[in-house]
file structure.cif (mmCIF, C-alpha atoms)
data_upload
#
loop_
_atom_site.label_atom_id
_atom_site.label_comp_id
_atom_site.auth_asym_id
_atom_site.auth_seq_id
_atom_site.Cartn_x
_atom_site.Cartn_y
_atom_site.Cartn_z
CA MET A 164 32.14 19.49 42.45
CA LYS A 165 34.15 19.61 45.66
CA ARG A 166 31.92 16.91 47.13
CA LYS A 167 32.59 14.60 44.17
CA ALA A 168 36.32 15.24 44.43
CA TRP A 169 36.22 14.53 48.17
CA MET A 170 34.26 11.31 47.62
CA SER A 171 36.71 10.20 44.92
CA ALA A 172 39.61 10.82 47.27
CA VAL A 173 37.94 8.79 50.00
CA VAL A 174 37.25 5.89 47.62
CA ILE A 175 40.83 5.92 46.36
CA THR A 176 42.18 6.02 49.92
CA VAL A 177 39.93 3.15 51.00
CA CYS A 178 41.04 1.11 47.98
CA PHE A 179 44.72 1.68 48.78
CA VAL A 180 44.20 0.75 52.43
CA ALA A 181 42.27 -2.38 51.45
CA LEU A 182 44.92 -3.35 48.91
CA ALA A 183 47.69 -2.79 51.44
CA PHE A 184 45.80 -4.92 53.98
CA ILE A 185 45.35 -7.74 51.47
CA LEU A 186 48.98 -7.66 50.40
CA THR A 187 50.21 -7.53 53.98
CA ARG A 188 47.88 -10.33 55.01
CA SER A 189 48.97 -12.46 52.02
CA LYS A 190 52.61 -11.85 52.81
CA ASP A 191 52.24 -12.57 56.53
CA ALA A 192 49.93 -15.58 56.21
CA PRO A 193 52.63 -18.15 55.47
CA ALA A 194 54.88 -16.80 58.26
CA LYS A 195 52.17 -17.49 60.83
CA SER A 196 52.09 -21.12 59.71
CA ILE A 197 55.84 -21.69 60.08
CA VAL A 198 56.88 -23.60 63.22
CA SER A 199 60.28 -24.23 64.75
CA LEU A 200 61.74 -27.41 66.18
CA GLU A 201 61.62 -25.79 69.60
CA THR A 202 57.86 -25.28 69.45
CA ILE A 203 56.90 -28.70 68.10
CA PRO A 204 56.87 -30.70 71.40
CA GLU A 205 55.13 -27.93 73.38
CA SER A 206 52.42 -27.40 70.77
CA GLU A 207 51.67 -31.16 70.58
CA LEU A 208 51.84 -30.80 66.83
CA LEU A 209 51.88 -34.51 66.00
CA ASP A 210 48.83 -35.20 68.17
CA LYS A 211 46.82 -32.86 65.94
CA THR A 212 48.38 -33.89 62.63
CA LYS A 213 46.49 -35.95 60.08
CA ALA A 214 49.19 -36.02 57.37
CA VAL A 215 52.64 -34.68 56.53
CA LEU A 216 53.56 -33.37 53.08
CA TYR A 217 57.18 -32.87 52.01
CA VAL A 218 57.91 -30.12 49.47
CA SER A 219 61.32 -28.90 48.35
CA THR A 220 63.28 -27.02 45.77
CA THR A 221 65.06 -29.04 43.08
CA ALA A 222 68.77 -29.81 43.31
CA ASP A 223 69.68 -27.28 40.61
CA GLN A 224 68.08 -24.51 42.70
CA ASP A 225 70.50 -25.28 45.53
CA ILE A 226 73.64 -24.24 43.66
CA ASP A 227 73.61 -21.00 45.66
CA ASN A 228 73.15 -23.02 48.88
CA LYS A 229 69.75 -21.39 49.37
CA GLY A 230 67.49 -24.33 48.59
CA VAL A 231 64.52 -24.76 50.91
CA SER A 232 62.11 -27.50 51.93
CA TYR A 233 59.00 -27.59 54.08
CA ALA A 234 57.53 -30.42 56.11
CA VAL A 235 53.88 -29.36 56.00
CA PHE A 236 51.81 -30.73 58.88
CA ILE A 237 48.17 -30.96 57.78
CA GLN A 238 46.10 -30.59 60.94
CA GLU A 239 42.82 -32.20 61.98
CA ASP A 240 41.13 -28.80 61.68
CA HIS A 241 42.39 -28.66 58.05
CA SER A 242 44.91 -25.88 58.74
CA VAL A 243 48.65 -26.32 58.16
CA GLN A 244 51.89 -25.68 59.98
CA ALA A 245 55.21 -25.99 58.22
CA LEU A 246 58.75 -26.65 59.38
CA SER A 247 61.27 -24.87 57.16
CA MET A 248 64.47 -26.76 56.37
CA ASN A 249 67.24 -26.81 53.77
CA GLY A 250 66.39 -28.25 50.37
CA LEU A 251 66.48 -31.89 49.24
CA GLU A 252 65.00 -32.86 45.88
CA LEU A 253 62.98 -36.11 46.17
CA GLY A 254 63.29 -35.98 49.94
CA GLY A 255 60.76 -37.77 52.11
CA VAL A 256 59.05 -38.43 55.40
CA ALA A 257 59.08 -41.66 57.44
CA VAL A 258 56.76 -42.67 60.27
CA GLY A 259 57.71 -45.10 63.04
CA GLY A 260 55.31 -45.36 65.95
CA ARG A 261 55.01 -41.87 67.42
CA ASP A 262 58.22 -40.72 65.76
CA VAL A 263 58.42 -38.93 62.42
CA LEU A 264 61.65 -38.59 60.44
CA LEU A 265 62.16 -35.40 58.47
CA GLU A 266 65.22 -34.70 56.36
CA ASP A 267 67.03 -32.11 54.34
CA LYS A 268 70.34 -32.18 52.53
CA ASP A 269 72.51 -32.22 55.64
CA THR A 270 70.29 -32.88 58.66
CA ILE A 271 68.03 -35.64 60.00
CA HIS A 272 65.24 -34.64 62.40
CA ILE A 273 63.32 -37.11 64.57
CA VAL A 274 60.12 -35.34 65.60
CA SER A 275 58.38 -36.78 68.67
CA ASP A 276 57.74 -35.80 72.27
CA HIS A 277 61.47 -35.14 72.49
CA THR A 278 62.62 -33.92 69.10
CA LYS A 279 66.24 -34.49 68.10
CA SER A 280 68.33 -33.31 65.17
CA PHE A 281 71.45 -34.93 63.73
CA LYS A 282 73.88 -33.03 61.52
CA MET A 283 75.36 -35.26 58.80
CA ASP A 284 78.97 -34.99 57.62
CA ALA A 285 78.17 -35.11 53.90
CA SER A 286 75.38 -33.20 52.14
CA GLN A 287 72.93 -34.97 49.83
CA TYR A 288 70.96 -33.40 46.99
CA THR A 289 68.62 -36.08 45.59
CA GLY A 290 66.65 -38.62 47.62
CA GLU A 291 65.64 -42.17 46.66
CA ARG A 292 63.62 -43.62 49.56
CA THR A 293 63.03 -42.78 53.20
CA GLY A 294 61.37 -45.29 55.49
CA TYR A 295 61.06 -47.17 58.76
CA LEU A 296 61.72 -50.87 59.41
CA PRO A 297 59.49 -51.94 62.33
CA GLY A 298 61.29 -55.28 62.76
CA LYS A 299 64.55 -53.42 63.34
CA GLU A 300 63.00 -50.28 64.91
CA LEU A 301 65.20 -48.40 62.48
CA PHE A 302 64.82 -45.36 60.24
CA PHE A 303 66.73 -45.15 56.96
CA SER A 304 67.13 -42.82 54.03
CA ILE A 305 68.78 -43.70 50.73
CA TYR A 306 70.09 -41.05 48.33
CA ASN A 307 70.83 -40.93 44.64
CA SER A 308 74.37 -39.60 45.17
CA GLY A 309 75.74 -39.99 41.64
CA PHE A 310 78.63 -41.36 39.63
CA VAL A 311 82.00 -41.90 41.24
CA GLU A 312 85.36 -42.96 39.81
CA ASP A 313 84.65 -46.70 40.05
CA GLY A 314 80.94 -46.68 39.22
CA TYR A 315 77.86 -45.37 41.00
CA ARG A 316 77.06 -44.64 44.64
CA SER A 317 73.81 -44.44 46.58
CA ASP A 318 74.53 -43.13 50.06
CA VAL A 319 72.54 -44.31 53.08
CA ARG A 320 71.75 -42.76 56.46
CA PHE A 321 70.26 -45.08 59.09
CA GLY A 322 69.56 -44.97 62.80
CA ASP A 323 67.08 -43.92 65.47
CA SER A 324 66.63 -41.26 68.14
CA GLN A 325 70.02 -42.23 69.59
CA GLY A 326 71.96 -41.37 66.45
CA PHE A 327 72.57 -42.04 62.75
CA ARG A 328 75.29 -43.81 60.81
CA THR A 329 76.16 -43.56 57.14
CA ASP A 330 77.19 -46.07 54.49
CA SER A 331 76.76 -46.48 50.75
CA ILE A 332 75.33 -48.90 48.17
CA PRO A 333 77.51 -49.17 45.04
CA TYR A 334 74.63 -49.25 42.56
CA TYR A 335 72.17 -47.06 40.72
CA ILE A 336 68.74 -47.77 42.22
CA ALA A 337 65.78 -47.77 39.82
CA ALA A 338 63.18 -48.60 42.49
CA SER A 339 62.98 -49.70 46.11
CA GLY A 340 60.61 -50.95 48.76
CA THR A 341 60.57 -52.27 52.31
CA THR A 342 59.72 -55.36 54.30
CA ASP A 343 59.57 -55.43 58.11
CA GLU A 344 63.34 -55.78 58.42
CA THR A 345 64.97 -55.09 55.05
CA VAL A 346 64.97 -52.75 52.08
CA THR A 347 64.51 -54.36 48.67
CA ILE A 348 66.17 -52.51 45.81
CA LEU A 349 65.98 -52.90 42.05
CA THR A 350 69.32 -51.82 40.66
CA GLN A 351 70.00 -51.03 37.03
CA ASP A 352 73.20 -51.54 35.08
CA LEU A 353 73.08 -48.70 32.57
CA GLU A 354 75.76 -50.26 30.36
CA GLU A 355 74.39 -53.81 30.25
CA ASN A 356 70.74 -52.63 30.34
CA LYS A 357 69.76 -55.12 33.02
CA PHE A 358 67.79 -55.02 36.28
CA TYR A 359 69.01 -56.81 39.43
CA LEU A 360 66.94 -57.48 42.53
CA LYS A 361 68.90 -57.07 45.76
CA GLU A 362 68.25 -56.92 49.50
CA VAL A 363 69.73 -54.37 51.91
CA VAL A 364 70.21 -55.69 55.47
CA PHE A 365 70.96 -53.44 58.44
CA ASP A 366 72.94 -55.27 61.12
CA LYS A 367 76.10 -53.94 62.72
CA GLU A 368 77.06 -53.00 59.19
CA LEU A 369 75.02 -52.45 56.07
CA LYS A 370 75.03 -55.48 53.76
CA VAL A 371 73.71 -55.87 50.22
CA ASN A 372 72.65 -59.39 49.25
CA ASP A 373 72.03 -60.46 45.64
CA LEU A 374 68.63 -62.01 44.99
CA THR A 375 68.28 -62.48 41.22
CA THR A 376 68.60 -60.94 37.78
CA ILE A 377 65.28 -59.76 36.35
CA GLN A 378 64.41 -61.62 33.13
CA SER A 379 63.07 -58.67 31.19
CA GLY A 380 65.37 -58.46 28.22
CA THR A 381 66.91 -55.04 27.65
CA THR A 382 65.85 -52.24 29.98
CA GLU A 383 66.50 -49.57 27.35
CA ASN A 384 62.80 -48.79 26.78
CA MET A 385 61.58 -49.75 30.23
CA GLN A 386 60.45 -47.77 33.25
CA VAL A 387 59.74 -48.75 36.85
CA LEU A 388 56.46 -47.14 37.88
CA ALA A 389 56.00 -48.24 41.49
CA PRO A 390 57.85 -49.35 44.62
CA VAL A 391 59.12 -52.91 44.99
CA LEU A 392 56.40 -54.77 46.92
CA ALA A 393 56.58 -58.11 48.71
CA ASP A 394 54.36 -60.59 50.54
CA ASP A 395 55.29 -63.95 52.09
CA THR A 396 55.71 -65.65 48.70
CA TYR A 397 56.62 -63.11 46.02
CA TYR A 398 58.33 -59.87 45.11
CA TYR A 399 56.29 -57.65 42.76
CA LEU A 400 57.66 -55.12 40.26
CA THR A 401 55.53 -52.74 38.20
CA LEU A 402 57.38 -52.38 34.90
CA SER A 403 56.43 -50.62 31.70
CA THR A 404 57.66 -51.17 28.16
CA ILE A 405 57.42 -48.13 25.91
CA HIS A 406 56.70 -49.13 22.31
CA ASP A 407 56.62 -45.63 20.81
CA ASP A 408 55.51 -42.09 21.71
CA THR A 409 51.87 -43.03 22.39
CA ASN A 410 51.88 -46.78 23.12
CA GLU A 411 53.04 -48.52 26.28
CA THR A 412 52.41 -51.76 28.19
CA VAL A 413 52.51 -51.86 31.99
CA SER A 414 53.08 -55.29 33.56
CA ILE A 415 53.38 -56.87 36.98
CA HIS A 416 56.63 -58.82 37.13
CA ARG A 417 56.50 -61.44 39.88
CA VAL A 418 59.50 -63.21 41.48
CA ASN A 419 59.06 -66.25 43.72
CA LYS A 420 61.11 -65.74 46.87
CA LYS A 421 62.12 -69.40 47.25
CA THR A 422 62.46 -70.71 43.70
CA LEU A 423 63.24 -67.32 42.06
CA GLN A 424 60.90 -68.29 39.22
CA GLN A 425 59.66 -65.23 37.36
CA ASP A 426 56.35 -64.47 35.65
CA SER A 427 54.92 -61.39 33.97
CA PHE A 428 51.28 -60.30 33.75
CA GLU A 429 49.89 -57.43 31.69
CA LEU A 430 48.25 -54.79 33.87
CA VAL A 431 47.52 -51.87 31.49
CA ASP A 432 47.94 -51.46 27.74
CA TYR A 433 47.98 -47.82 26.65
CA LYS A 434 47.19 -47.16 22.99
CA ASN A 435 47.35 -43.70 21.42
CA GLU A 436 47.70 -42.04 24.83
CA ASP A 437 49.70 -39.08 26.04
CA LEU A 438 52.11 -41.27 27.98
CA THR A 439 53.37 -38.38 30.10
CA ALA A 440 49.87 -37.99 31.51
CA THR A 441 49.76 -41.65 32.59
CA ILE A 442 52.87 -41.37 34.80
CA PRO A 443 51.95 -41.77 38.50
CA TYR A 444 51.94 -38.71 40.73
CA ASN A 445 54.72 -40.30 42.77
CA TYR A 446 56.56 -43.51 41.85
CA LYS A 447 57.39 -44.20 45.50
CA ASN A 448 53.73 -44.20 46.60
CA SER A 449 51.89 -45.43 43.50
CA ALA A 450 51.18 -49.05 44.53
CA ALA A 451 50.45 -51.16 47.60
CA LEU A 452 49.31 -54.61 48.68
CA HIS A 453 45.95 -54.95 50.43
CA ASN A 454 43.62 -57.89 51.02
CA LYS A 455 45.53 -60.16 48.58
CA LYS A 456 45.51 -57.59 45.79
CA LEU A 457 48.16 -55.28 44.40
CA TYR A 458 46.67 -51.83 43.77
CA TYR A 459 48.26 -49.37 41.34
CA VAL A 460 47.15 -45.80 40.60
CA ASN A 461 48.35 -43.97 37.49
CA GLY A 462 48.47 -40.29 36.55
CA LEU A 463 45.00 -40.43 35.01
CA GLY A 464 43.58 -41.35 38.40
CA GLN A 465 42.77 -44.88 37.27
CA VAL A 466 43.16 -47.51 40.00
CA TYR A 467 44.00 -51.03 38.80
CA SER A 468 44.29 -54.25 40.81
CA PHE A 469 46.21 -57.49 40.39
CA SER A 470 45.05 -60.49 42.42
CA THR A 471 48.02 -62.12 44.13
CA GLU A 472 46.04 -65.38 44.26
CA SER A 473 44.34 -65.70 40.86
CA THR A 474 46.51 -63.16 38.91
CA ALA A 475 43.27 -61.56 37.63
CA VAL A 476 43.53 -57.92 36.60
CA SER A 477 40.79 -55.32 36.99
CA GLN A 478 40.30 -51.57 36.71
CA GLU A 479 38.72 -50.97 40.11
CA PHE A 480 37.74 -47.29 39.99
CA THR A 481 38.80 -43.82 38.89
CA LEU A 482 39.42 -40.76 41.04
CA LYS A 483 36.76 -38.09 40.68
CA ASN A 484 37.27 -35.03 38.46
CA VAL A 485 40.81 -35.89 37.42
CA ASP A 486 42.67 -33.61 35.03
CA ALA A 487 43.81 -35.96 32.27
CA SER A 488 46.54 -33.61 31.05
CA LYS A 489 50.24 -34.01 31.80
CA ILE A 490 50.31 -30.79 33.84
CA ARG A 491 50.87 -31.48 37.54
CA HIS A 492 50.21 -29.35 40.61
CA ASN A 493 51.95 -31.19 43.47
CA GLU A 494 49.38 -34.01 43.51
CA GLU A 495 50.34 -36.98 45.68
CA THR A 496 48.99 -40.44 46.52
CA TYR A 497 49.46 -42.61 49.60
CA PHE A 498 48.06 -46.05 50.45
CA LYS A 499 47.32 -46.96 54.06
CA GLU A 500 45.26 -49.76 55.62
CA GLY A 501 42.75 -50.22 52.83
CA ASP A 502 42.48 -46.54 51.91
CA LEU A 503 43.97 -44.44 49.14
CA TYR A 504 44.71 -40.85 50.13
CA VAL A 505 45.09 -38.33 47.32
CA LEU A 506 46.36 -34.76 47.53
CA ARG A 507 44.39 -32.93 44.86
CA TYR A 508 44.53 -29.48 43.23
CA SER A 509 41.72 -27.41 41.78
CA PRO A 510 42.03 -23.87 40.36
CA ASP A 511 38.34 -23.38 41.17
CA LYS A 512 38.76 -23.81 44.92
CA GLN A 513 39.74 -20.87 47.11
CA GLU A 514 42.46 -22.86 48.86
CA HIS A 515 43.28 -24.86 45.68
CA TYR A 516 44.51 -27.97 47.54
CA TYR A 517 42.35 -30.65 49.13
CA LEU A 518 42.81 -34.16 50.52
CA GLU A 519 40.58 -37.04 49.47
CA THR A 520 40.17 -40.57 50.87
CA TYR A 521 38.99 -43.52 48.76
CA ALA A 522 38.15 -46.99 50.10
CA LEU A 523 40.08 -49.55 48.04
CA ASP A 524 37.53 -52.34 48.43
CA SER A 525 34.59 -50.27 47.14
CA GLY A 526 36.17 -47.33 45.32
CA ASP A 527 33.94 -44.97 47.31
CA LEU A 528 35.06 -41.45 48.13
CA THR A 529 34.77 -41.51 51.92
CA ASP A 530 36.26 -38.14 52.88
CA SER A 531 37.36 -34.87 51.31
CA PHE A 532 38.41 -31.54 52.81
CA ASP A 533 40.08 -28.34 51.67
CA ILE A 534 43.54 -27.67 53.12
CA GLU A 535 43.74 -24.14 54.49
CA GLY A 536 47.06 -22.41 53.88
CA LEU A 537 48.99 -24.99 51.84
CA ASP A 538 48.93 -22.94 48.64
CA ALA A 539 50.20 -19.89 50.56
CA ILE A 540 53.21 -21.87 51.83
CA ILE A 541 53.98 -23.28 48.38
CA GLN A 542 53.82 -19.77 46.89
CA SER A 543 55.58 -18.01 49.79
CA ASN A 544 59.13 -18.13 48.42
CA LYS A 545 59.21 -15.76 45.45
CA SER A 546 62.78 -16.60 44.40
CA LYS A 547 62.50 -20.41 44.51
CA ASN A 548 59.98 -23.01 43.31
CA VAL A 549 59.09 -25.93 45.57
CA TYR A 550 57.50 -29.22 44.49
CA SER A 551 55.90 -32.03 46.46
CA TYR A 552 57.87 -35.26 46.88
CA ASP A 553 56.16 -37.26 49.62
CA LEU A 554 52.91 -37.63 51.55
CA LYS A 555 52.41 -39.66 54.70
CA VAL A 556 49.12 -40.05 56.59
CA LEU A 557 49.52 -40.48 60.34
CA GLU A 558 45.99 -41.41 61.39
#

call {"tool": "encode", "arguments": {"input": "structure.cif", "output": "structure tokens"}}
result
Amino acid sequence: MKRKAWMSAVVITVCFVALAFILTRSKDAPAKSIVSLETIPESELLDKTKAVLYVSTTADQDIDNKGVSYAVFIQEDHSVQALSMNGLELGGVAVGGRDVLLEDKDTIHIVSDHTKSFKMDASQYTGERTGYLPGKELFFSIYNSGFVEDGYRSDVRFGDSQGFRTDSIPYYIAASGTTDETVTILTQDLEENKFYLKEVVFDKELKVNDLTTIQSGTTENMQVLAPVLADDTYYYLTLSTIHDDTNETVSIHRVNKKTLQQDSFELVDYKNEDLTATIPYNYKNSAALHNKKLYYVNGLGQVYSFSTESTAVSQEFTLKNVDASKIRHNEETYFKEGDLYVLRYSPDKQEHYYLETYALDSGDLTDSFDIEGLDAIIQSNKSKNVYSYDLKVLE
């Protein structure tokens, strides 16, 4: 009897020790993956980084000034390191050469061999687009700042490793995109229900040039599902018209740069679908131009193409094992040099998150690996919820 009692006590003790070890390990695991700005150059973090994921709390979680964001550096060995910053809903990452721009609500960081940080005078709470203009060698970030007394304001930060300036665009921006030297914006007049295509130029001062009014009728039941894209001849908008709760038509709206002539081509026609499930993982990274085709990926993992030469439309391929529900788990997409990178989630995997690569020309899955430690970072803050807002692949 005493032997059984002794054995039971040993088993209970071992269980408590094991449980304590697991809990301690789970609690400490994210902390080991957190890096500081001081350690980034010495650790050669960017040299070992395959991709950067931006996750943040939402603006409403920053009312107590305790919002948080992480720039998660996904390493070549599939591990992660994360830089903790203040929060910025819809914040992003920009890549210019060997420099990477990271942002939060009141600071811009340029991460490179010599990392610099710039404190901004005014805080921002909701991002619109962050990018790099190679023709100007200039980083920029545009913010959805909100209504002001005389209309609407979208604030802008722009600069390089020498410093950043600020300005504002007096419009609500429905979508945006970049060329080598400019930012193209699609503004929306919420009272007149019209879209306007404009161009933002960065010289000594920020200038906004009018391009044309989009001939789409009322914008009341319309959505913009992708960035504004451009080649040498046209601007391309991916617009949807919602007919009712389960029916929607997605079209490519094309604007000739010289003549400003406009044409529209049907890309997808959804019938009796859960329209929420069709929404792209990220509007800012849902389409790209490659090899004279416009590629668009929706929330069902379906990849469509529009030929910029013949205007032919095709469903090219579908991502593997896609959850067709409207529930999202920080999935992201990113197009780069003929490949589509997809951050995926699976409850059946130990690490949950994995990164896939698809070749656009063939639709083949060319690479896939589990990301070690990303779920732990996302779950590490028990008082706040973070969500993914951007993915950039460096190599």

call {"tool": "resolve_selection", "arguments": {"input": "structure.cif", "expression": "the PyMOL selection byres ((chain A and resi 435-437) around 10)", "output": "list of chain:residue names"}}
result
A:Asp407, A:Asp408, A:Thr409, A:Asn410, A:Glu411, A:Asp432, A:Tyr433, A:Lys434, A:Leu438, A:Thr439, A:Ala440, A:Thr441, A:Ile442, A:Ala487, A:Ser488, A:Lys489

call {"tool": "residues_around", "arguments": {"input": "structure.cif", "residues": "Thr422 of chain A", "least_positions_apart": "3", "cutoff": "10 Å", "atoms": "only C-alpha atoms", "output": "mmCIF file with C-alpha atoms, in the coordinates of the input"}}
result
data_model
loop_
_atom_site.group_PDB
_atom_site.id
_atom_site.type_symbol
_atom_site.label_atom_id
_atom_site.label_comp_id
_atom_site.auth_asym_id
_atom_site.auth_seq_id
_atom_site.Cartn_x
_atom_site.Cartn_y
_atom_site.Cartn_z
ATOM 1 C CA THR A 396 55.710 -65.650 48.700
ATOM 2 C CA TYR A 397 56.620 -63.110 46.020
ATOM 3 C CA VAL A 418 59.500 -63.210 41.480
ATOM 4 C CA ASN A 419 59.060 -66.250 43.720
ATOM 5 C CA GLN A 425 59.660 -65.230 37.360
#

call {"tool": "residues_around", "arguments": {"input": "structure.cif", "residues": "segment 270-286 of chain A", "least_positions_apart": "4", "cutoff": "10 Å", "atoms": "all atoms listed in the file", "output": "CSV table (one decimal) with C-alpha atoms, in the frame of the given file"}}
result
chain,number,residue,atom,x,y,z
A,200,LEU,CA,61.7,-27.4,66.2
A,201,GLU,CA,61.6,-25.8,69.6
A,202,THR,CA,57.9,-25.3,69.4
A,203,ILE,CA,56.9,-28.7,68.1
A,204,PRO,CA,56.9,-30.7,71.4
A,205,GLU,CA,55.1,-27.9,73.4
A,207,GLU,CA,51.7,-31.2,70.6
A,208,LEU,CA,51.8,-30.8,66.8
A,209,LEU,CA,51.9,-34.5,66.0
A,210,ASP,CA,48.8,-35.2,68.2
A,248,MET,CA,64.5,-26.8,56.4
A,249,ASN,CA,67.2,-26.8,53.8
A,251,LEU,CA,66.5,-31.9,49.2
A,257,ALA,CA,59.1,-41.7,57.4
A,258,VAL,CA,56.8,-42.7,60.3
A,259,GLY,CA,57.7,-45.1,63.0
A,260,GLY,CA,55.3,-45.4,66.0
A,261,ARG,CA,55.0,-41.9,67.4
A,262,ASP,CA,58.2,-40.7,65.8
A,263,VAL,CA,58.4,-38.9,62.4
A,264,LEU,CA,61.6,-38.6,60.4
A,265,LEU,CA,62.2,-35.4,58.5
A,266,GLU,CA,65.2,-34.7,56.4
A,302,PHE,CA,64.8,-45.4,60.2
A,304,SER,CA,67.1,-42.8,54.0
A,308,SER,CA,74.4,-39.6,45.2
A,318,ASP,CA,74.5,-43.1,50.1
A,320,ARG,CA,71.8,-42.8,56.5
A,321,PHE,CA,70.3,-45.1,59.1
A,322,GLY,CA,69.6,-45.0,62.8
A,323,ASP,CA,67.1,-43.9,65.5
A,324,SER,CA,66.6,-41.3,68.1
A,325,GLN,CA,70.0,-42.2,69.6
A,326,GLY,CA,72.0,-41.4,66.4
A,327,PHE,CA,72.6,-42.0,62.8
A,328,ARG,CA,75.3,-43.8,60.8
A,329,THR,CA,76.2,-43.6,57.1

call {"tool": "resolve_selection", "arguments": {"input": "structure.cif", "expression": "the PyMOL selection byres ((chain A and resi 239) around 9)", "output": "list in words"}}
result
Lys211, Thr212, Lys213, Ala214, Ile237, Gln238, Asp240, His241 and Ser242 of chain A

call {"tool": "atom_distance", "arguments": {"input": "structure.cif", "atom1": "atom CA of Leu353 of chain A", "atom2": "atom CA of Met385 of chain A"}}
result
11.8 Å

call {"tool": "closest_residue", "arguments": {"input": "structure.cif", "among": "A:Ala389, A:Val218, A:Val364, A:Gly250", "to": "Val231 of chain A", "atoms": "only C-alpha atoms"}}
result
A:Gly250

call {"tool": "residues_around", "arguments": {"input": "structure.cif", "residues": "Ile541 of chain A", "least_positions_apart": "3", "cutoff": "10 Å", "atoms": "all atoms listed in the file", "output": "ChimeraX atom specification"}}
result
/A:193,218-219,232-233,235,493,536-538,544-545,547-551

call {"tool": "residues_around", "arguments": {"input": "structure.cif", "residues": "Val198 of chain A", "least_positions_apart": "5", "cutoff": "7 Å", "atoms": "only C-alpha atoms", "output": "number ranges by chain"}}
result
A: 244-246

call {"tool": "closest_residue", "arguments": {"input": "structure.cif", "among": "A:Leu296, A:Ser331, A:Tyr497, A:Tyr444", "to": "Glu368 of chain A", "atoms": "all atoms listed in the file"}}
result
A:Ser331

call {"tool": "axis_aligned_box", "arguments": {"input": "structure.cif", "around": "segment 409-420 of chain A", "padding_each_side": "4 Å", "output": "lines of an AutoDock Vina configuration file"}}
result
center_x = 56.5
center_y = -54.6
center_z = 34.6
size_x = 17.2
size_y = 31.2
size_z = 32.5

call {"tool": "residues_around", "arguments": {"input": "structure.cif", "residues": "Leu528 of chain A", "least_positions_apart": "5", "cutoff": "9 Å", "atoms": "all atoms listed in the file", "output": "list in words"}}
result
Leu482, Lys483, Glu519, Thr520, Tyr521 and Ala522 of chain A

call {"tool": "closest_residue", "arguments": {"input": "structure.cif", "among": "A:Asp267, A:Glu495, A:Glu429, A:Glu514", "to": "Ser477 of chain A", "atoms": "all atoms listed in the file"}}
result
A:Glu429

call {"tool": "resolve_selection", "arguments": {"input": "structure.cif", "expression": "the PyMOL selection byres ((chain A and resi 333-337) around 6)", "output": "PDB file with C-alpha atoms, in the frame of the given file"}}
result
ATOM      1  CA  TYR A 315      77.860 -45.370  41.000  1.00  0.00           C
ATOM      2  CA  ARG A 316      77.060 -44.640  44.640  1.00  0.00           C
ATOM      3  CA  ILE A 332      75.330 -48.900  48.170  1.00  0.00           C
ATOM      4  CA  ALA A 338      63.180 -48.600  42.490  1.00  0.00           C
ATOM      5  CA  LEU A 349      65.980 -52.900  42.050  1.00  0.00           C
ATOM      6  CA  THR A 350      69.320 -51.820  40.660  1.00  0.00           C
ATOM      7  CA  GLN A 351      70.000 -51.030  37.030  1.00  0.00           C
TER       8      GLN A 351
END

call {"tool": "closest_residue", "arguments": {"input": "structure.cif", "among": "A:Thr471, A:Thr401, A:Asn228, A:Thr347", "to": "Thr375 of chain A", "atoms": "all atoms listed in the file"}}
result
A:Thr347

call {"tool": "atom_distance", "arguments": {"input": "structure.cif", "atom1": "atom CA of Glu291 of chain A", "atom2": "atom CA of Lys555 of chain A"}}
result
15.7 Å

call {"tool": "closest_residue", "arguments": {"input": "structure.cif", "among": "A:Leu554, A:Ala450, A:Ile197, A:Leu301", "to": "Ser468 of chain A", "atoms": "all atoms listed in the file"}}
result
A:Ala450

call {"tool": "closest_residue", "arguments": {"input": "structure.cif", "among": "A:Ser427, A:Ser339, A:Ser403, A:Thr221", "to": "Gln287 of chain A", "atoms": "only C-alpha atoms"}}
result
A:Thr221

call {"tool": "decode", "arguments": {"input": "structure.cif", "residues": "segment 274-279 of chain A", "atoms": "N, CA, C and O atoms", "output": "short mmCIF file (atom, residue, chain, number, x, y, z; two decimals), in the first residue's frame"}}
result
data_model
loop_
_atom_site.label_atom_id
_atom_site.label_comp_id
_atom_site.auth_asym_id
_atom_site.auth_seq_id
_atom_site.Cartn_x
_atom_site.Cartn_y
_atom_site.Cartn_z
N VAL A 274 16.20 49.46 -41.61
CA VAL A 274 17.06 48.37 -41.18
C VAL A 274 18.02 48.02 -42.30
O VAL A 274 17.60 47.71 -43.42
N SER A 275 19.32 48.09 -42.01
CA SER A 275 20.35 47.75 -42.99
C SER A 275 21.62 47.46 -42.21
O SER A 275 21.57 47.11 -41.03
N ASP A 276 22.77 47.62 -42.86
CA ASP A 276 24.03 47.43 -42.13
C ASP A 276 24.20 48.48 -41.04
O ASP A 276 24.89 48.24 -40.05
N HIS A 277 23.59 49.63 -41.25
CA HIS A 277 23.62 50.69 -40.24
C HIS A 277 22.18 51.15 -40.01
O HIS A 277 21.68 52.03 -40.70
N THR A 278 21.53 50.54 -39.08
CA THR A 278 20.10 50.78 -38.85
C THR A 278 19.87 52.15 -38.23
O THR A 278 20.61 52.59 -37.34
N LYS A 279 18.85 52.84 -38.73
CA LYS A 279 18.49 54.16 -38.21
C LYS A 279 17.01 54.20 -37.89
O LYS A 279 16.20 53.55 -38.55
#
